[in-house]
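This is query.cif. It holds mmCIF, C-alpha atoms.
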```cif
data_protein
loop_
_atom_site.label_atom_id
_atom_site.label_comp_id
_atom_site.auth_asym_id
_atom_site.auth_seq_id
_atom_site.Cartn_x
_atom_site.Cartn_y
_atom_site.Cartn_z
CA MET A 104 0.00 0.00 0.00
CA LEU A 105 1.05 3.58 -0.62
CA THR A 106 -0.59 5.28 2.36
CA SER A 107 -0.35 4.95 6.12
CA LEU A 108 -1.16 6.79 9.32
CA THR A 109 1.38 8.58 11.48
CA GLU A 110 1.14 10.40 14.80
CA SER A 111 0.56 13.61 12.83
CA GLY A 112 -2.07 12.22 10.42
CA ALA A 113 -2.32 10.46 7.06
CA PHE A 114 0.85 10.04 5.03
CA SER A 115 1.03 9.20 1.32
CA LEU A 116 4.07 8.27 -0.73
CA LEU A 117 2.46 10.11 -3.62
CA ASN A 118 2.32 13.52 -1.96
CA LYS A 119 5.60 14.32 -3.69
CA VAL A 120 8.63 12.59 -5.19
CA TYR A 121 10.63 11.38 -2.20
CA SER A 122 14.28 10.42 -2.36
CA PHE A 123 15.64 7.32 -0.66
CA GLU A 124 17.52 9.49 1.84
CA GLU A 125 14.38 11.42 2.81
CA LEU A 126 12.33 8.29 3.41
CA ASP A 127 15.17 6.48 5.16
CA GLN A 128 15.49 9.38 7.56
CA LEU A 129 11.71 9.49 8.01
CA ARG A 130 11.36 5.82 8.93
CA SER A 131 14.07 6.19 11.55
CA THR A 132 12.09 8.90 13.32
CA GLU A 133 8.44 8.15 12.51
CA LEU A 134 6.05 5.28 13.27
CA PHE A 135 3.61 4.17 10.57
CA TYR A 136 0.25 2.45 11.10
CA CYS A 137 -2.23 0.63 8.88
CA PRO A 138 -5.34 2.80 8.26
CA ALA A 139 -7.53 -0.30 8.64
CA CYS A 140 -6.27 -2.28 11.64
CA ARG A 141 -4.11 0.46 13.21
CA GLN A 142 -1.21 -1.96 13.66
CA SER A 143 2.28 -0.82 12.81
CA VAL A 144 3.49 -1.26 9.23
CA GLU A 145 6.94 -1.06 7.71
CA LEU A 146 8.12 1.38 5.08
CA LYS A 147 9.81 -0.76 2.43
CA LEU A 148 12.61 0.94 0.47
CA GLY A 149 13.83 -1.86 -1.79
CA THR A 150 15.62 -1.53 -5.12
CA VAL A 151 13.30 -3.84 -7.09
CA LYS A 152 9.82 -2.90 -5.92
CA ARG A 153 8.79 0.73 -5.57
CA TYR A 154 8.61 2.22 -2.09
CA HIS A 155 5.53 1.04 -0.19
CA PHE A 156 4.13 0.12 3.20
CA ALA A 157 3.59 -3.48 4.30
CA HIS A 158 2.35 -5.26 7.40
CA ARG A 159 4.91 -7.05 9.52
CA LYS A 160 5.06 -10.80 9.11
CA LYS A 161 2.44 -12.83 10.99
CA THR A 162 0.35 -9.71 11.50
CA ALA A 163 -3.41 -10.27 11.20
CA CYS A 164 -5.36 -7.45 9.55
CA HIS A 165 -9.12 -7.61 9.06
CA TYR A 166 -8.77 -5.62 5.84
CA GLU A 167 -9.06 -8.07 2.95
CA ALA A 168 -6.24 -7.47 0.46
CA GLU A 169 -3.86 -9.46 -1.67
CA PRO A 170 -0.10 -8.75 -1.93
CA GLU A 171 0.69 -5.89 -4.30
CA SER A 172 3.02 -6.47 -7.23
CA GLU A 173 5.29 -3.86 -8.75
CA ARG A 174 2.85 -3.62 -11.68
CA HIS A 175 -0.03 -2.96 -9.31
CA LEU A 176 1.82 -0.28 -7.36
CA LEU A 177 3.02 1.47 -10.52
CA GLY A 178 -0.39 1.33 -12.20
CA LYS A 179 -2.13 2.56 -9.07
CA GLN A 180 0.24 5.51 -8.84
CA GLN A 181 -0.28 6.44 -12.50
CA LEU A 182 -4.06 6.10 -12.32
CA PHE A 183 -4.20 8.23 -9.18
CA ASP A 184 -2.00 10.95 -10.68
CA ARG A 185 -4.34 11.19 -13.66
CA LEU A 186 -7.64 10.76 -11.85
CA LYS A 187 -6.97 13.51 -9.33
CA GLN A 188 -7.02 15.90 -12.29
CA LYS A 189 -10.59 14.79 -13.13
CA GLY A 190 -12.17 15.28 -9.75
CA GLU A 191 -11.68 14.99 -6.00
CA ALA A 192 -9.52 11.86 -5.61
CA GLU A 193 -8.34 9.95 -2.54
CA LEU A 194 -5.69 7.24 -2.47
CA GLU A 195 -6.54 4.07 -0.52
CA PRO A 196 -9.24 5.60 1.71
CA TYR A 197 -10.39 3.23 4.43
CA LEU A 198 -14.18 2.74 4.73
CA PRO A 199 -14.79 1.48 8.31
CA GLU A 200 -18.50 0.74 7.73
CA ILE A 201 -17.62 -2.10 5.34
CA ARG A 202 -13.96 -2.65 6.35
CA GLN A 203 -12.80 -2.06 2.79
CA ARG A 204 -10.23 0.16 1.20
CA PRO A 205 -10.43 0.74 -2.58
CA ASP A 206 -7.27 1.62 -4.46
CA MET A 207 -8.76 5.03 -5.16
CA MET A 208 -11.93 6.97 -4.47
CA LEU A 209 -13.09 9.59 -6.97
CA THR A 210 -15.86 12.11 -6.45
CA PHE A 211 -17.28 13.51 -9.68
CA ASN A 212 -20.51 15.51 -10.04
CA LYS A 213 -21.37 14.65 -6.42
CA LYS A 214 -21.16 10.93 -7.11
CA LYS A 215 -18.52 8.65 -5.59
CA TYR A 216 -16.63 5.96 -7.49
CA ALA A 217 -14.47 3.27 -5.90
CA ILE A 218 -11.66 2.48 -8.37
CA GLU A 219 -10.11 -0.98 -8.03
CA TYR A 220 -7.03 -1.79 -10.12
CA GLN A 221 -6.90 -5.59 -10.24
CA CYS A 222 -3.71 -7.21 -11.57
CA SER A 223 -4.05 -10.63 -9.95
CA SER A 224 -6.80 -13.23 -10.03
CA ILE A 225 -9.04 -13.30 -6.98
CA PRO A 226 -12.01 -15.53 -6.08
CA HIS A 227 -15.20 -14.19 -7.63
CA GLU A 228 -16.88 -14.31 -4.21
CA GLN A 229 -14.34 -11.75 -3.01
CA ALA A 230 -14.98 -9.47 -5.99
CA ILE A 231 -18.74 -9.70 -5.48
CA ARG A 232 -18.38 -8.97 -1.75
CA ARG A 233 -16.27 -5.89 -2.42
CA SER A 234 -18.63 -4.53 -5.08
CA ARG A 235 -21.68 -5.04 -2.89
CA GLY A 236 -19.91 -3.36 -0.01
CA TYR A 237 -19.32 -0.21 -2.07
CA GLN A 238 -22.86 -0.28 -3.41
CA SER A 239 -24.26 -0.47 0.13
CA LEU A 240 -22.70 2.97 0.67
CA LYS A 241 -24.05 4.22 -2.69
CA ILE A 242 -20.56 4.15 -4.16
CA GLU A 243 -20.20 2.96 -7.76
CA PRO A 244 -17.49 0.26 -8.07
CA VAL A 245 -15.24 0.53 -11.14
CA TRP A 246 -12.90 -2.38 -11.76
CA ILE A 247 -9.89 -1.87 -14.02
CA LEU A 248 -7.91 -5.01 -14.82
CA GLY A 249 -4.17 -5.06 -15.32
CA SER A 250 -3.10 -5.53 -18.93
CA ASN A 251 -1.41 -8.78 -17.80
CA GLN A 252 -4.97 -10.16 -17.53
CA LEU A 253 -5.64 -9.50 -21.22
CA HIS A 254 -5.19 -12.72 -23.22
CA ARG A 255 -5.09 -12.05 -26.94
CA THR A 256 -5.22 -15.15 -29.17
CA GLY A 257 -5.34 -13.51 -32.60
CA ALA A 258 -6.28 -10.38 -34.52
CA SER A 259 -9.26 -8.91 -32.61
CA GLU A 260 -9.58 -12.26 -30.79
CA TYR A 261 -9.39 -12.73 -27.03
CA ARG A 262 -9.73 -15.46 -24.44
CA LEU A 263 -12.13 -14.48 -21.66
CA ASN A 264 -12.65 -16.77 -18.68
CA VAL A 265 -14.93 -16.74 -15.65
CA PHE A 266 -12.60 -14.29 -13.90
CA HIS A 267 -13.10 -11.65 -16.62
CA TRP A 268 -16.89 -11.89 -16.66
CA PHE A 269 -17.14 -10.96 -13.00
CA PHE A 270 -15.68 -7.54 -13.84
CA ILE A 271 -17.81 -6.90 -16.91
CA LYS A 272 -19.82 -3.70 -16.81
CA ASN A 273 -22.55 -2.55 -19.13
CA PHE A 274 -23.21 0.79 -20.73
CA PRO A 275 -26.08 2.61 -19.00
CA TYR A 276 -29.49 1.92 -20.57
CA SER A 277 -27.97 -0.96 -22.55
CA SER A 278 -27.08 -4.60 -22.11
CA LEU A 279 -23.85 -4.21 -24.07
CA PRO A 280 -20.84 -5.21 -21.95
CA TYR A 281 -17.31 -3.86 -21.74
CA LEU A 282 -14.08 -4.47 -19.84
CA LEU A 283 -11.39 -1.99 -18.83
CA PHE A 284 -7.65 -2.74 -18.79
CA TYR A 285 -4.73 -0.52 -17.86
CA CYS A 286 -1.11 -0.97 -18.94
CA PRO A 287 1.38 0.93 -16.72
CA GLU A 288 4.23 0.34 -19.16
CA ASN A 289 2.42 2.12 -22.01
CA LYS A 290 0.27 4.28 -19.73
CA GLN A 291 -2.81 3.30 -21.74
CA LEU A 292 -6.39 2.54 -20.76
CA LEU A 293 -7.99 -0.06 -23.05
CA ARG A 294 -11.69 -0.74 -23.40
CA LEU A 295 -12.79 -4.10 -24.78
CA SER A 296 -16.38 -4.33 -26.06
CA GLU A 297 -18.67 -5.83 -28.72
CA PHE A 298 -18.07 -9.45 -27.75
CA PHE A 299 -18.95 -12.20 -30.24
CA PRO A 300 -18.19 -15.79 -29.14
CA ILE A 301 -17.19 -18.74 -31.28
CA SER A 302 -16.69 -21.01 -28.26
CA LYS A 303 -17.03 -20.90 -24.50
CA GLN A 304 -13.95 -18.70 -24.03
CA ILE A 305 -12.85 -17.38 -27.45
CA PHE A 306 -14.37 -14.04 -28.49
CA HIS A 307 -14.03 -11.48 -31.21
CA ALA A 308 -13.96 -8.06 -29.55
CA LYS A 309 -13.38 -4.41 -30.33
CA ALA A 310 -10.37 -2.87 -28.55
CA GLU A 311 -10.16 0.91 -28.07
CA VAL A 312 -7.45 2.97 -26.40
CA MET A 313 -9.32 5.44 -24.21
CA GLU A 314 -8.49 8.74 -22.63
CA LEU A 315 -8.72 8.32 -18.86
CA SER A 316 -11.88 10.27 -18.08
CA MET A 317 -15.26 9.77 -16.45
CA ASP A 318 -16.71 8.95 -19.86
CA SER A 319 -14.29 6.03 -20.16
CA LEU A 320 -14.76 4.84 -16.57
CA ALA A 321 -18.53 5.25 -16.42
CA PRO A 322 -19.89 5.95 -19.94
CA HIS A 323 -23.02 8.08 -20.08
CA LYS A 324 -24.26 6.54 -23.29
CA CYS A 325 -23.68 3.53 -25.50
CA SER A 326 -22.39 4.08 -28.98
CA ALA A 327 -24.03 1.94 -31.67
CA PRO A 328 -22.26 -1.40 -32.06
CA GLY A 329 -20.04 -1.78 -35.09
CA GLY A 330 -20.43 -4.40 -37.77
CA TYR A 331 -20.57 -8.10 -37.04
CA PRO A 332 -17.18 -9.85 -37.41
CA VAL A 333 -18.01 -11.50 -40.72
CA SER A 334 -14.49 -12.26 -42.02
CA TRP A 335 -13.33 -13.50 -38.59
CA LEU A 336 -16.35 -15.75 -38.22
CA GLN A 337 -15.90 -17.11 -41.73
CA SER A 338 -12.37 -18.25 -40.92
CA LYS A 339 -13.61 -19.88 -37.71
CA VAL A 340 -16.39 -21.73 -39.52
CA LEU A 341 -13.93 -23.04 -42.12
CA LYS A 342 -11.74 -24.34 -39.29
CA PHE A 343 -14.81 -25.89 -37.68
CA ARG A 344 -15.63 -27.76 -40.90
CA LYS A 345 -12.17 -29.31 -40.86
CA PHE A 346 -11.79 -29.93 -37.12
CA PRO A 347 -15.22 -30.00 -35.42
CA PRO A 348 -15.24 -30.38 -31.64
CA SER A 349 -16.38 -33.74 -30.36
CA LYS A 350 -16.33 -34.39 -26.63
CA GLN A 351 -18.22 -31.29 -25.52
CA VAL A 352 -21.23 -31.81 -27.80
CA THR A 353 -21.70 -35.60 -27.86
CA SER A 354 -25.43 -35.34 -27.11
CA LEU A 355 -25.99 -33.00 -30.05
CA GLN A 356 -24.07 -35.31 -32.35
CA LYS A 357 -26.41 -38.16 -31.40
CA VAL A 358 -29.47 -36.01 -32.13
CA LEU A 359 -28.06 -34.99 -35.52
CA TYR A 360 -27.36 -38.57 -36.46
CA LEU A 361 -30.84 -39.74 -35.47
CA LYS A 362 -32.65 -36.88 -37.22
CA LYS A 363 -30.39 -36.05 -40.17
CA ARG A 364 -27.85 -38.87 -40.43
CA LEU A 365 -25.16 -36.17 -40.50
CA PRO A 366 -22.00 -35.39 -38.49
CA LEU A 367 -21.65 -32.13 -36.61
CA SER A 368 -19.21 -30.76 -39.18
CA LEU A 369 -22.02 -30.53 -41.78
CA ILE A 370 -24.51 -28.38 -39.87
CA PRO A 371 -25.97 -25.62 -42.10
CA PRO A 372 -24.33 -22.16 -41.88
CA ILE A 373 -27.50 -20.49 -40.56
CA VAL A 374 -26.56 -21.70 -37.05
CA PHE A 375 -23.47 -19.46 -37.17
CA MET A 376 -25.55 -16.28 -37.55
CA PRO A 377 -23.93 -13.84 -35.08
CA ALA A 378 -26.24 -11.98 -32.73
CA GLN A 379 -25.65 -9.15 -30.29
CA PHE A 380 -26.50 -11.07 -27.12
CA ASP A 381 -24.66 -14.32 -27.89
CA PHE A 382 -22.17 -13.40 -25.15
CA ALA A 383 -24.84 -14.04 -22.50
CA ILE A 384 -24.89 -17.78 -23.28
CA GLU A 385 -21.94 -19.89 -22.20
CA THR A 386 -22.89 -22.78 -24.47
CA GLU A 387 -21.26 -22.50 -27.91
CA PRO A 388 -23.55 -20.45 -30.22
CA HIS A 389 -23.72 -23.07 -32.98
CA VAL A 390 -24.74 -25.74 -30.44
CA TRP A 391 -27.82 -24.06 -28.99
CA LYS A 392 -28.81 -22.53 -32.33
CA THR A 393 -28.68 -25.97 -33.98
CA ARG A 394 -31.08 -27.29 -31.34
CA LEU A 395 -33.44 -24.38 -31.99
CA LEU A 396 -33.22 -25.00 -35.73
CA LEU A 397 -34.06 -28.70 -35.38
CA TRP A 398 -37.09 -27.76 -33.28
CA ALA A 399 -38.26 -24.97 -35.60
CA GLU A 400 -38.09 -27.23 -38.66
CA THR A 401 -40.68 -29.56 -37.15
CA ARG A 402 -43.28 -26.79 -36.97
CA PRO A 403 -45.19 -25.02 -39.76
CA GLY A 404 -44.93 -21.85 -37.68
CA PHE A 405 -44.34 -20.77 -34.10
CA SER A 406 -45.03 -17.80 -31.86
CA LYS A 407 -42.57 -15.78 -29.80
CA GLN A 408 -43.93 -17.39 -26.64
CA GLU A 409 -43.39 -20.90 -28.03
CA VAL A 410 -39.73 -20.35 -28.93
CA VAL A 411 -39.12 -18.75 -25.53
CA ARG A 412 -40.69 -21.78 -23.82
CA TYR A 413 -38.58 -24.18 -25.86
CA PHE A 414 -35.42 -22.20 -25.08
CA SER A 415 -36.31 -22.40 -21.36
CA PHE A 416 -36.89 -26.14 -21.74
CA LEU A 417 -33.40 -26.57 -23.23
CA GLU A 418 -32.03 -24.65 -20.24
CA SER A 419 -33.86 -26.86 -17.78
CA GLU A 420 -32.48 -29.96 -19.54
CA GLY A 421 -28.93 -28.65 -19.33
CA HIS A 422 -28.51 -28.17 -23.10
CA ILE A 423 -28.14 -24.39 -22.70
CA THR A 424 -26.09 -22.76 -19.95
CA ARG A 425 -26.19 -19.04 -19.29
CA ARG A 426 -23.02 -17.17 -18.51
CA SER A 427 -22.68 -16.03 -14.91
CA LEU A 428 -22.93 -12.23 -15.15
CA GLN A 429 -23.12 -9.78 -12.27
CA THR A 430 -24.24 -6.52 -13.89
CA ILE A 431 -25.73 -7.63 -17.21
CA SER A 432 -28.73 -9.87 -17.67
CA PRO A 433 -30.39 -9.77 -21.11
CA SER A 434 -33.62 -11.74 -20.86
CA THR A 435 -34.48 -14.80 -22.93
CA GLU A 436 -36.92 -12.61 -24.87
CA GLU A 437 -34.17 -10.06 -25.67
CA ILE A 438 -31.73 -12.77 -26.76
CA LEU A 439 -34.23 -14.46 -29.08
CA TYR A 440 -35.78 -11.23 -30.38
CA GLU A 441 -32.41 -9.89 -31.53
CA LEU A 442 -31.48 -13.22 -33.12
CA GLY A 443 -34.89 -13.35 -34.82
CA ASN A 444 -34.40 -9.87 -36.26
CA ARG A 445 -31.07 -10.90 -37.74
CA LEU A 446 -32.60 -14.01 -39.30
CA MET A 447 -35.48 -11.98 -40.76
CA GLN A 448 -33.09 -9.43 -42.25
CA ALA A 449 -31.25 -12.31 -43.95
CA GLY A 450 -34.49 -13.84 -45.24
CA PHE A 451 -34.30 -17.05 -43.17
CA LEU A 452 -37.33 -16.13 -41.08
CA THR A 453 -40.59 -14.33 -41.78
CA TRP A 454 -43.06 -12.78 -39.37
CA THR A 455 -46.81 -12.73 -40.01
CA GLU A 456 -48.24 -9.90 -37.95
CA LYS A 457 -51.83 -11.02 -38.49
CA ASN A 458 -51.25 -14.37 -36.76
CA ASN A 459 -48.20 -13.37 -34.70
CA ILE A 460 -46.36 -16.34 -36.15
CA TYR A 461 -42.76 -16.90 -37.30
CA THR A 462 -42.19 -19.08 -40.35
CA LEU A 463 -38.80 -20.63 -41.08
CA ALA A 464 -37.59 -20.76 -44.67
CA PRO A 465 -36.55 -24.21 -45.98
CA ILE A 466 -33.04 -25.02 -44.78
CA ARG A 467 -30.77 -27.18 -46.88
CA TRP A 468 -28.97 -30.01 -45.11
CA SER A 469 -26.27 -31.70 -47.18
CA SER A 470 -24.08 -34.76 -46.70
CA LYS A 471 -21.39 -33.42 -49.04
CA ILE A 472 -18.71 -31.13 -47.67
CA THR A 473 -18.37 -29.38 -51.07
CA ASP A 474 -22.05 -28.43 -51.00
CA VAL A 475 -21.79 -27.21 -47.40
CA LEU A 476 -18.73 -25.08 -48.20
CA HIS A 477 -20.65 -23.55 -51.11
CA GLU A 478 -23.56 -22.80 -48.74
CA ASP A 479 -21.07 -21.16 -46.36
CA CYS A 480 -19.86 -18.84 -49.13
CA GLU A 481 -23.44 -17.84 -49.96
CA PHE A 482 -24.27 -17.33 -46.30
CA PHE A 483 -21.33 -15.03 -45.63
CA ARG A 484 -21.90 -13.16 -48.88
CA LEU A 485 -25.46 -12.53 -47.68
CA ILE A 486 -24.64 -11.29 -44.20
CA SER A 487 -21.71 -9.23 -45.55
CA ALA A 488 -24.19 -7.50 -47.84
CA LEU A 489 -26.49 -6.86 -44.88
CA GLU A 490 -23.61 -5.31 -42.91
CA HIS A 491 -22.88 -2.93 -45.77
CA ASN A 492 -26.58 -2.17 -46.40
CA LEU A 493 -26.37 -3.50 -49.96
#
```
As a first step, turn the structure in this file into structure tokens.
Amino acid sequence: MLTSLTESGAFSLLNKVYSFEELDQLRSTELFYCPACRQSVELKLGTVKRYHFAHRKKTACHYEAEPESERHLLGKQQLFDRLKQKGEAELEPYLPEIRQRPDMMLTFNKKKYAIEYQCSSIPHEQAIRRSRGYQSLKIEPVWILGSNQLHRTGASEYRLNVFHWFFIKNFPYSSLPYLLFYCPENKQLLRLSEFFPISKQIFHAKAEVMELSMDSLAPHKCSAPGGYPVSWLQSKVLKFRKFPPSKQVTSLQKVLYLKKRLPLSLIPPIVFMPAQFDFAIETEPHVWKTRLLLWAETRPGFSKQEVVRYFSFLESEGHITRRSLQTISPSTEEILYELGNRLMQAGFLTWTEKNNIYTLAPIRWSSKITDVLHEDCEFFRLISALEHNL
């Protein structure tokens, strides 16, 4: 930590640039105490890690905190230096009502924000407990992850695990999620948004370098999402045709064989239609959309209520698993309505307002990989045209 208490009041290592000699002299004459537990702490003046305070070994402190790395200390210092220019900022203020101490507290337009810079993985229960503690005091929690937590797997492609989704926020008045990352080496704040999954953990996402401001930390509005990742998805589908997954979707493979006498690799391209709320479902998009397609094909038409009920049935049977999200919760109706709109735009689905019925266009199932690859080309040509309003 970068702050402590002394006999004369609060002391911060960021009040000014201290030399080693100044701090060495100070620790020989001054006693430092933890703002939370009031036990004595040591002023560490090492050559590897930046100057900081730390509890003595075997000291029990009721304040819940993990050890701070050099990256965390450096990033916290940089974020504080910049945030104090945006509003009234405090470094590591202790909140006795909830026994918590955020990395920073920022007051902006009479609203308080608890800024947590998280460089290490922590149990999600701990993250939830901290966020709820701040919210109980009407303080908005803002989590910024260290750039070491950003796992890029390709161009505009990222691996997001359970840890990441507990820090997802959504734009106000929208269910669109985003994540914030800060890199102390480059002094850059990165916002990741517009998530489109191809599997449980691999996502296409839009990365933006942001100016550190209240608009970047707590956006007041949601900009319209960009185009769907057509070229990226096309490459993923081609890879899927060659190397389809097996173990994770054994039950679906059995259903396909019984109903269509086809392997998973030959499912029609319609099931890869990207939709805005796909991120809310942990099950691979092509898996749950294939199950919906097989159901829809057995009916001459179906209502919105019927498809919602069938989706809920698949959930209850364990064929669809929702992603565990703390701040975002698009409903089943929202998920299916947005997907339905995309399918109608592409001509795969029609809506009869008189009867309030959806009708599915005939879908071609083929046992020949050459025919399926041709269908893929037509499918992506179609949705590319839709993206460009042609």
Report the residues retrieved by the PyMOL selection byres ((chain A and resi 409) around 12) from the displayed file, expressed as a PyMOL selection string. chain A and resi 395+398-399+402+404-408+410-416+435-436+439+459-461
Enumerate, as a PyMOL selection string, the residues matched when the PyMOL selection byres ((chain A and resi 315) around 8) is run on the file above. chain A and resi 185-186+292+313-314+316-317+319-320
Record the distance separating CA of Leu126 (chain A) and CA of Ala157 (chain A), expressed in Å with one decimal. 14.7 Å
Distance in Å - CA of Ser278 (chain A) versus CA of Trp246 (chain A):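 Taking CA of Ser278 (chain A) and CA of Trp246 (chain A), their separation equals 17.7 Å.
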So, counting only C-alpha atoms, which residue among A:Lys457, A:Arg130, A:Arg174, A:Arg202 is closest to Phe156 (chain A)? A:Arg130
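Checking A:Ser107, A:Gln252, A:Ser302, A:Thr393 one by one against Gln356 (chain A), counting only C-alpha atoms, you find the shortest gap at A:Thr393.
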Compare A:Gly249, A:Gly443, A:Gly257, A:Pro348 by their minimum atom-to-atom distance to Tyr285 (chain A), counting all atoms listed in the file, and give me the closest one.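 Among the listed residues, A:Gly249 lies closest to Tyr285 (chain A).
Reported to one decimal place, the separation of CA of Phe482 (chain A) from CA of Tyr440 (chain A) is 20.6 Å.
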Which residue out of A:Tyr121, A:Phe343, A:Tyr281, A:Tyr136 has the minimum interatomic distance to Arg153 (chain A) when all atoms listed in the file are used?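 Looking only at the distances to Arg153 (chain A), the closest residue turns out to be A:Tyr121.
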For Ser224 (chain A), please output as a PyMOL selection string all residues within 9 Å (counting all atoms listed in the file; exclusion window: fewer than 2 positions along the same chain). chain A and resi 221-222+226-227+252+266
Just the residues within 9 Å of Ala383 (chain A), please, counting all atoms listed in the file, with nothing from its chain fewer than 3 positions along; format it as a list in words.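 So, after excluding close chain neighbours, the residues are Phe380, Arg425, Arg426, Ser427, Leu428, Ile431, Ser432, Pro433 and Ile438 of chain A.
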Enumerate, as a list in words, the residues matched when the PyMOL selection byres ((chain A and resi 263) around 10) is run on the file above.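 Going through the file, the PyMOL selection byres ((chain A and resi 263) around 10) ends up selecting Gln252, Leu253, His254, Arg255, Glu260, Tyr261, Arg262, Asn264, Val265, Phe266, His267, Trp268, Phe298, Pro300, Lys303, Gln304, Ile305 and Phe306 of chain A.
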Mind dumping the selected residues with C-alpha atoms as a PDB file, in the coordinates of the input?
```pdb
ATOM      1  CA  GLN A 252      -4.970 -10.160 -17.530  1.00  0.00           C
ATOM      2  CA  LEU A 253      -5.640  -9.500 -21.220  1.00  0.00           C
ATOM      3  CA  HIS A 254      -5.190 -12.720 -23.220  1.00  0.00           C
ATOM      4  CA  ARG A 255      -5.090 -12.050 -26.940  1.00  0.00           C
ATOM      5  CA  GLU A 260      -9.580 -12.260 -30.790  1.00  0.00           C
ATOM      6  CA  TYR A 261      -9.390 -12.730 -27.030  1.00  0.00           C
ATOM      7  CA  ARG A 262      -9.730 -15.460 -24.440  1.00  0.00           C
ATOM      8  CA  ASN A 264     -12.650 -16.770 -18.680  1.00  0.00           C
ATOM      9  CA  VAL A 265     -14.930 -16.740 -15.650  1.00  0.00           C
ATOM     10  CA  PHE A 266     -12.600 -14.290 -13.900  1.00  0.00           C
ATOM     11  CA  HIS A 267     -13.100 -11.650 -16.620  1.00  0.00           C
ATOM     12  CA  TRP A 268     -16.890 -11.890 -16.660  1.00  0.00           C
ATOM     13  CA  PHE A 298     -18.070  -9.450 -27.750  1.00  0.00           C
ATOM     14  CA  PRO A 300     -18.190 -15.790 -29.140  1.00  0.00           C
ATOM     15  CA  LYS A 303     -17.030 -20.900 -24.500  1.00  0.00           C
ATOM     16  CA  GLN A 304     -13.950 -18.700 -24.030  1.00  0.00           C
ATOM     17  CA  ILE A 305     -12.850 -17.380 -27.450  1.00  0.00           C
ATOM     18  CA  PHE A 306     -14.370 -14.040 -28.490  1.00  0.00           C
TER      19      PHE A 306
END
```
Place a sphere of radius 9 Å on (-14.2, -8.6, -6.5) in the file coordinates and name every protein, DNA or RNA residue with an atom inside or on its surface, counting only C-alpha atoms; give the answer as a ChimeraX atom specification. /A:219,221,225-234,246,269-270
Name the closest residue to Leu148 (chain A) among the candidates A:Ser172, A:Ser122, A:Gln188, A:Ser469; distances are taken between atoms, counting only C-alpha atoms. A:Ser122
Measuring between only C-alpha atoms, which one of A:Ser487, A:Ser419, A:Ser239, A:Gln203 shows the shortest distance to Tyr331 (chain A)?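 Looking only at the distances to Tyr331 (chain A), the closest residue turns out to be A:Ser487.
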Could you list, as a count of residues only, every residue within 10 Å of Tyr197 (chain A), counting all atoms listed in the file and ignoring same-chain residues fewer than 2 positions away? 18
Surrounding residues of His389 (chain A) excluding itself and chain neighbours under 2 positions, 10 Å, only C-alpha atoms, as number ranges by chain: A: 300-302, 340, 367, 370-377, 386-387, 391-395
What's the 12 Å shell around Arg484 (chain A), counting all atoms listed in the file, without same-chain residues fewer than 5 positions away, as a count of residues only? 12
